[in-house]
Amino acid sequence: MSSRDAILQRLRHRTGGELTAPECDFSVLNRPEWSTAEKLDMFERTIESVHGEVHRTTESGWIDRLAEILQTRGAGTLLIAKEHEIGKALQSATKSREDLPQLLIYDEPVESWQEALFSEVDAGITSTRGGIAETGSLILWPSVDEPRLMSLVPPIHIAVLKASELYTTFHHAMQSQNWAAGMPTNALLISGPSKTADIEQTLAYGVHGPKELIVLVIE
Amino acid sequence: MVDPIKVYPAKPPKVYFYGTCLVDMFYPDAGMAGIQLLEREGVEVIYPEDQTCCGQPAYTSGYHDQARAVAKAQLGLFPEDWPIVVPSGSCGGMMRKHYPALFKDTADEVKAAEIAGRVWELTDFLVNVCHIRLDDLGEPTTVAMHTSCTARREMGVAEVGPKLLGQLKNVNLVEQVRAEECCGFGGTFAVRHPEISGAMVSEKVDTLVNTGAKEFVTTDCGCLMNIDGYAEKNHKPVTGQHILSFLWERTNGDGSKRS
Amino acid sequence: MSETAQQSPHHIDVKEFHPRARAAIHNPQIRQNFRKAMDGLMTKRKSAFEGWDLETLRDLGANIRLRALANLPDLLEQLEQKLTENGITVHWAADGDEACEIVRDICVARNASSVIKGKSMVSEEMELNHYLEEQGIEALESDLGEYIVQLAEETPSHIIMPAIHKNTEEISQLLHDKTGTDLSHDVEYLTANARLQLREKFMNADVGVSGVNFAVAETGTLCLVENEGNGRMTTTVPLCHIAVTGIEKVVPNLEDVTALLALLTRSATGQHITTYFNMISGPRKADELDGPEEVHLVLVDNGRSTIYQDDELLDTLRCIRCGACMNHCPVYTRVGGHAYGTTYPGPIGKILMPHMVGLDEGRHLPTASSLCGACGEVCPVKIPIPDLLVRLRQESVDGDKLHPAKVRGHGAKRSSMEAMIWKGWSWMHARPGMYRMGTSLGARFRKLQPGKFGGWTRYRTAPKLAARTLHERMKERSQ
């Protein structure tokens with residue numbers, strides 16, 4: 001008998017007999033209805049408590065703010081998506097202004113440029129599928145256009161979040177977006193920059209992933 | 001799975017007093033103090049003569065048949081419907097929490113569960129059933145309190161001791177750091193794993209000494225024996241007493257101290 | 001560090017708990033490292049749950065796990081089917097050895113010579129690193145704590161914080177000796193150096209091996225909880241990702257994960273959430289630009305289906321591996337993780353490891369507890385750990401045919417002398433007249449009481465019998 005069948009058989013023919021499944025009441029996860037402003041305040045507080053940086057901006061002002069942020073950090077290159085409106089807006093903006101870093105488009109399989117991705121990219125910008133106020137989390141579903149490593153390898157990750165897409169809890173976000181109907185190959189909650197406390201409980205940022213997480217909130 | 005919420009009975013005319021073997025042999029004063037406190041509250045105390053031990057030492061050592069035989073001998077001691085009060089979180093916990101499991105699928109299952117439901121830790125009973133009011137007649141003093149792990153976690157009475165001490169106007173209660181941490185007694189654990197138990201009790205005594213209190217009180221004789229025994233052997237400037245003895249001495253009016 | 005801790009788990013004799021515990025207790029550095037860390041973790045947990053109805057949340061956690069266990073075989077099949085549909089290959093392993101062979105076979109098929117690892121306690125159970133090295137495949141840990149422990153040729157001393165037994169100075173020295181990093185107490189600097197060294201490894205590794213925190217049956221999703229990003233690297237950069245997990249980690253619905261995650265991170269490190277919650281439901285699709293082209297899941301039994309048979313022991317399988325029980329354990333805090341000599345230390349180790357190594361090997365595990373109940377009090381899924389310890393004590397001293405063996409090594413600790421003592425004790429305490437006579441005699445002749453009681457009086461004075469028992473005083477009173 002294969003291990004699979006042996007394991008399943010042992011589990012099915014329990015000597016203790018059949019088990020009854022208890023009811024699960026998720027109402028303890030419910031939160032009162034919060035306004036967008038309240039959710040944003042909460043989000044800002046929670047993500048800043050774990051070293052994330054929040055910039056409130058607008059549909060028309062975010063590129064200016066981004067340019068400022070990247071300039072203060074001396075970023076020379078910014079990884080963008082090809083098709084997403086964020087990438088497109090940046091591509092068109094860079095034609096008429098000089099304060100943006102060099103734009104790199106993630107449009108080749110990683111194998112063809114892995115070395116460069118790991119060593120030459122200073123920042124990456126991605127969209128989000130919303131945020132979670134209670135835990136200060138960003139929801140990312142990497143895609144063909146915005147691959148997984150965009151938010152992981154560059155030392156600075158910039159995420160664009162629409163304030164209107166903030167949810168109070170993870171539970172609420174998942175239910176509202178009906179995740180159970182189908183998940184992408186990879187989905188992420190990101191709450192702050194990469195960190196570790198493995199050396200004597202002392203926090204250090206940027207251990208494997210980004211050292212900085214910057215959220216541009218479009219109000 | 002959820003612990004049933006405690007529903008305290010109305011103050012009864014009588015209670016059964018289950019003294020526990022440690023009190024019986026080593027700390028009878030604490031037992032007498034508990035009995036006298038109850039009587040002063042107008043409760044008649046019935047002391048079943050045939051009581052021995054709740055069975056816990058064998059139970060926690062894994063000798064359940066032997067524990068059951070001893071526990072079974074206790075089941076017949078409480079024929080009337082009076083509450084059973086115990087001057088110990090540990091023995092109280094054994095009877096209240098573990099008797100039902102110990103007698104599960106035996107002829108005594110129903111009886112054990114019925115008795116378990118009547119068991120109360122004595123200080124809890126004084127506060128929440130008798131609604132005791134204490135009049136402090138003692139000299140000003142500072143004490144620390146160690147609530148036993150079973151009193152805290154099995155019987156859920158961590159707030160009771162401080163409440164009682166809070167009624168004593170001349171008593172300054174100070175809290176040691178990591179008050180909720182075990183003192184290292186654990187019954188046979190102290191003998192099977194002496195170094196670990198020793199390390200635990202030495203830290204417990206240090207935290208008690210660091211409060212500046214010269215005396216501490218506790219809900220359980222096991223902890224008392226452990227902490228006080230360590231302090232005595234190592235000449236630490238703190239001595240312990242069962243909380244019941246302490247309460248009685250400070251409020252009984254005849255000025256009698258521990259014998 | 002005690003010498004024993006530096007041995008590979010293969011050479012650790014679990015039975016030798018006492019000497020290891022003693023060594024740790026007399027090592028001020030170990031004592032201080034653990035005390036400081038555990039104090040911090042307890043405080044953080046407490047504040048992380050402020051404002052929550054924690055009891056109700058723990059009830060939910062327990063019910064979610066119990067519901068999953070109640071349907072375990074069906075859920076495993078559903079998980080397998082969904083994962084397969086999603087393009088993830090599912091493997092089943094009866095024990096650690098078989099799981100190791102599965103991983104090796106995948107590596108061999110891919111011609112892989114190097115493996116990068118994310119944190120996985122099941123791979124520790126399997127002793128995977130050791131096995132792969134023997135097969136000529138390099139296996140490198142990438143979680144900073146695991147990396148430190150691997151460099152030191154040790155095993156993790158905590159399931160969440162593997163290198164918690166070491167302080168900055170010790171780690172600095174280690175990194176200096178093994179990797180040439182400058183001696184420094186600057187944690188930022190030490191971390192940055194490790195980042196550099198490991199990034200190189202991520203790029204070149206052929207296979208990434210990770211654990212799984214929750215496996216969701218309804219969507220075929222593997223969830224990983226982490227802070228560093230090494231888990232994401234491990235599962236994204238190499239072209240092949242192998243996840244290993246215990247068969248109990250499956251839950252029916254994605255919704256279940258929200259509650260378990262809320263409990264897990266707060267219980268473990270006092271975080272509202274970790275930096276990354278990584279949900280993997282498939283390999284790279286044809287048009288995607290990164291991610292592994294192959295994803296495997298190895299479902300490991302290793303004793304779990306045996307634990308599953310018994311209604312009481314079953315609760316052991318609820319565990320979500322948060323480590324809160326060890327953070328709050330006064331014994332663990334005193335002896336540290338290595339003293340146990342087992343993959344999982346602390347209270348969860350004491351109730352889980354006897355099933356894996358047997359009650360003969362693990363004879364001291366269930367007794368090394370004062371049954372203070374701190375572990376059960378903080379367990380996010382309400383595992384009655386003290387009750388299970390008592391149950392295992394019972395299993396290890398039971399010797400008669402009345403009690404069928406449920407645990408490997410059943411009765412291994414039974415000594416006829418000890419059994420006789422308890423029988424005698426029971427005989428006397430079940431007979432009130434005998435008991436009264438015995439205790440009265442004790443009181444009368446208390447001056448003859450021995451002054452020494454083994455381990456007890458090494459640290460304390462002997463208990464003092466009272467001049468008259470309470471029984472005698474009450475008798476006198478009633479006359």
# chains A, B, ... in the order shown; residues from 1 in each chain; ligands from 1

$ residues_around --residues "range 90-101 of chain B" --least-positions-apart "6" --cutoff "6 Å" --atoms "only C-alpha atoms" --output "list in words"
Ala112, Ala113, Ala116, Val119, Glu121, Thr150, Glu154 and Met155 of chain B

$ write_last_selection --atoms "N, CA and C atoms" --output "PDB file, in the first residue's frame"
ATOM      1  N   ALA B 112     -19.384  11.826  41.192  1.00  0.00           N
ATOM      2  CA  ALA B 112     -18.155  12.623  41.155  1.00  0.00           C
ATOM      3  C   ALA B 112     -18.430  13.994  40.540  1.00  0.00           C
ATOM      4  N   ALA B 113     -19.211  14.013  39.479  1.00  0.00           N
ATOM      5  CA  ALA B 113     -19.519  15.288  38.821  1.00  0.00           C
ATOM      6  C   ALA B 113     -20.353  16.169  39.752  1.00  0.00           C
ATOM      7  N   ALA B 116     -18.028  17.520  42.392  1.00  0.00           N
ATOM      8  CA  ALA B 116     -17.127  18.511  41.786  1.00  0.00           C
ATOM      9  C   ALA B 116     -17.806  19.882  41.712  1.00  0.00           C
ATOM     10  N   VAL B 119     -17.580  22.081  44.966  1.00  0.00           N
ATOM     11  CA  VAL B 119     -16.292  22.378  45.589  1.00  0.00           C
ATOM     12  C   VAL B 119     -15.902  23.844  45.395  1.00  0.00           C
ATOM     13  N   GLU B 121     -12.930  26.903  46.571  1.00  0.00           N
ATOM     14  CA  GLU B 121     -11.694  27.279  47.256  1.00  0.00           C
ATOM     15  C   GLU B 121     -12.115  28.210  48.386  1.00  0.00           C
ATOM     16  N   THR B 150      -2.626  26.642  40.753  1.00  0.00           N
ATOM     17  CA  THR B 150      -3.933  25.974  40.670  1.00  0.00           C
ATOM     18  C   THR B 150      -5.035  26.920  41.131  1.00  0.00           C
ATOM     19  N   GLU B 154      -6.742  26.932  37.793  1.00  0.00           N
ATOM     20  CA  GLU B 154      -7.789  25.915  37.827  1.00  0.00           C
ATOM     21  C   GLU B 154      -9.031  26.435  38.541  1.00  0.00           C
ATOM     22  N   MET B 155      -8.813  27.179  39.625  1.00  0.00           N
ATOM     23  CA  MET B 155      -9.958  27.665  40.393  1.00  0.00           C
ATOM     24  C   MET B 155     -10.323  29.110  40.036  1.00  0.00           C
TER      25      MET B 155
END

$ residues_around --residues "range 176-183 of chain C" --least-positions-apart "6" --cutoff "12 Å" --atoms "only C-alpha atoms" --output "JSON, numbers by chain"
{"C": [147, 148, 149, 150, 151, 152, 153, 168, 169, 170, 189, 190, 191, 192, 193, 194, 195, 196, 197, 198]}

$ residues_around --residues "range 34-46 of chain A" --least-positions-apart "3" --cutoff "6 Å" --atoms "only C-alpha atoms" --output "PyMOL selection string"
chain A and resi 49+133+135-136

$ closest_residue --among "C:Arg458, C:Arg414, C:Lys82, C:Arg393" --to "Ser61 in chain B" --atoms "only C-alpha atoms"
C:Arg393

$ closest_atom_pairs --of "chain C" --to "chain A" --cutoff "7 Å" --atoms "only C-alpha atoms" --output "tab-separated table"
residue	atom	partner	partner_atom	distance
C:Ala37	CA	A:Gln201	CA	6.9
C:Thr56	CA	A:Val28	CA	6.6
C:Leu57	CA	A:Val28	CA	6.2
C:Leu60	CA	A:Cys24	CA	6.0
C:Asn63	CA	A:Pro22	CA	5.8
C:Ile64	CA	A:Cys24	CA	6.2
C:Leu66	CA	A:Ala21	CA	6.5
C:Arg67	CA	A:Ala21	CA	4.4
C:Ala70	CA	A:Leu19	CA	5.0
C:Pro73	CA	A:Leu8	CA	5.7
C:Trp92	CA	A:Arg4	CA	5.2
C:Ala93	CA	A:Ser3	CA	5.9
C:Ala94	CA	A:Ser3	CA	5.5
C:Leu144	CA	A:Asp198	CA	6.3
C:Gly145	CA	A:Asp198	CA	5.1
C:Met161	CA	A:Asp198	CA	6.2
C:Ala163	CA	A:Asp198	CA	6.5
C:Ile164	CA	A:Glu200	CA	6.4
C:Lys166	CA	A:Glu200	CA	6.9
C:Asn167	CA	A:Glu200	CA	5.3
C:Thr168	CA	A:Glu200	CA	5.8
C:Val187	CA	A:Ala204	CA	6.7
C:Glu188	CA	A:Ala204	CA	5.5
C:Thr191	CA	A:Val207	CA	5.9
C:Ala192	CA	A:Val207	CA	6.4
C:Arg195	CA	A:Val207	CA	5.5
C:Thr219	CA	A:Ala180	CA	6.4
C:Asn227	CA	A:Lys195	CA	5.5
C:Glu228	CA	A:Ser194	CA	4.8
C:Gly229	CA	A:Gly209	CA	5.0
C:Asn230	CA	A:His208	CA	5.7
C:Leu254	CA	A:Ala180	CA	6.3
C:Glu255	CA	A:His171	CA	6.7
C:Thr258	CA	A:His171	CA	5.7
C:His272	CA	A:Thr135	CA	5.8
C:Ile273	CA	A:Thr135	CA	6.2
C:Thr274	CA	A:Ser191	CA	6.7
C:Thr275	CA	A:Ser191	CA	4.5
C:Tyr276	CA	A:Ile190	CA	4.9
C:Phe277	CA	A:Leu189	CA	5.0
C:Asn278	CA	A:Leu188	CA	4.8
C:Met279	CA	A:Ala187	CA	5.0
C:Ile280	CA	A:Asn186	CA	4.7
C:Ser281	CA	A:Thr185	CA	4.6
C:Gly282	CA	A:Thr185	CA	4.5
C:Pro283	CA	A:Thr185	CA	6.3
C:Arg284	CA	A:Thr185	CA	6.9
C:Asp287	CA	A:Val144	CA	6.4
C:Glu288	CA	A:Val144	CA	4.6
C:Leu289	CA	A:Pro109	CA	4.1
C:Asp290	CA	A:Val110	CA	5.5
C:Gly291	CA	A:Arg148	CA	6.9
C:Ser305	CA	A:Leu11	CA	6.1
C:Gln309	CA	A:Arg14	CA	5.0
C:Asp310	CA	A:Gly16	CA	5.4
C:Asp311	CA	A:Gly16	CA	6.0

$ closest_atom_pairs --of "chain C" --to "chain B" --cutoff "7 Å" --atoms "only C-alpha atoms" --output "CSV"
residue,atom,partner,partner_atom,distance
C:Arg22,CA,B:Glu195,CA,6.5
C:Pro330,CA,B:Cys182,CA,6.8
C:Val331,CA,B:Ile196,CA,6.7
C:Arg334,CA,B:Ile196,CA,6.9
C:Thr367,CA,B:Phe189,CA,6.7
C:Ala368,CA,B:His193,CA,6.6
C:Ser369,CA,B:Phe189,CA,6.6
C:Ser370,CA,B:Gly186,CA,3.9
C:Leu371,CA,B:Gly186,CA,6.2
C:Cys372,CA,B:Cys149,CA,5.2
C:Gly373,CA,B:Arg153,CA,6.6
C:Val390,CA,B:Thr60,CA,5.6
C:Arg391,CA,B:Gly62,CA,6.9
C:Arg393,CA,B:Gly62,CA,4.7
C:Gln394,CA,B:Gly62,CA,3.6
C:Val397,CA,B:Gly62,CA,6.5
C:Trp422,CA,B:Gln66,CA,6.7
C:Lys423,CA,B:Gln66,CA,6.2
C:Ser426,CA,B:Gln66,CA,5.2
C:His429,CA,B:Val70,CA,5.7
C:Ala430,CA,B:Val70,CA,4.5
C:Pro432,CA,B:Asp50,CA,5.0
C:Tyr435,CA,B:Thr52,CA,6.6
C:Thr439,CA,B:Met25,CA,6.7
C:Gly455,CA,B:Pro194,CA,4.9
C:Trp456,CA,B:Val191,CA,5.7
C:Tyr459,CA,B:Tyr230,CA,5.8
C:Arg460,CA,B:Tyr230,CA,4.1
C:Thr461,CA,B:Gly229,CA,4.7
C:Ala462,CA,B:Gly229,CA,6.9
C:Pro463,CA,B:Met225,CA,6.3
C:Lys464,CA,B:Phe26,CA,6.1
C:Leu465,CA,B:Phe26,CA,4.7
C:Ala466,CA,B:Phe26,CA,5.0
C:Thr469,CA,B:Asp24,CA,5.1
C:Leu470,CA,B:Asp24,CA,4.6
C:His471,CA,B:Asp24,CA,6.5

$ select_by_dssp --residues "range 28-217 of chain B" --states "alpha helix (DSSP H)" --output "count of residues only"
83
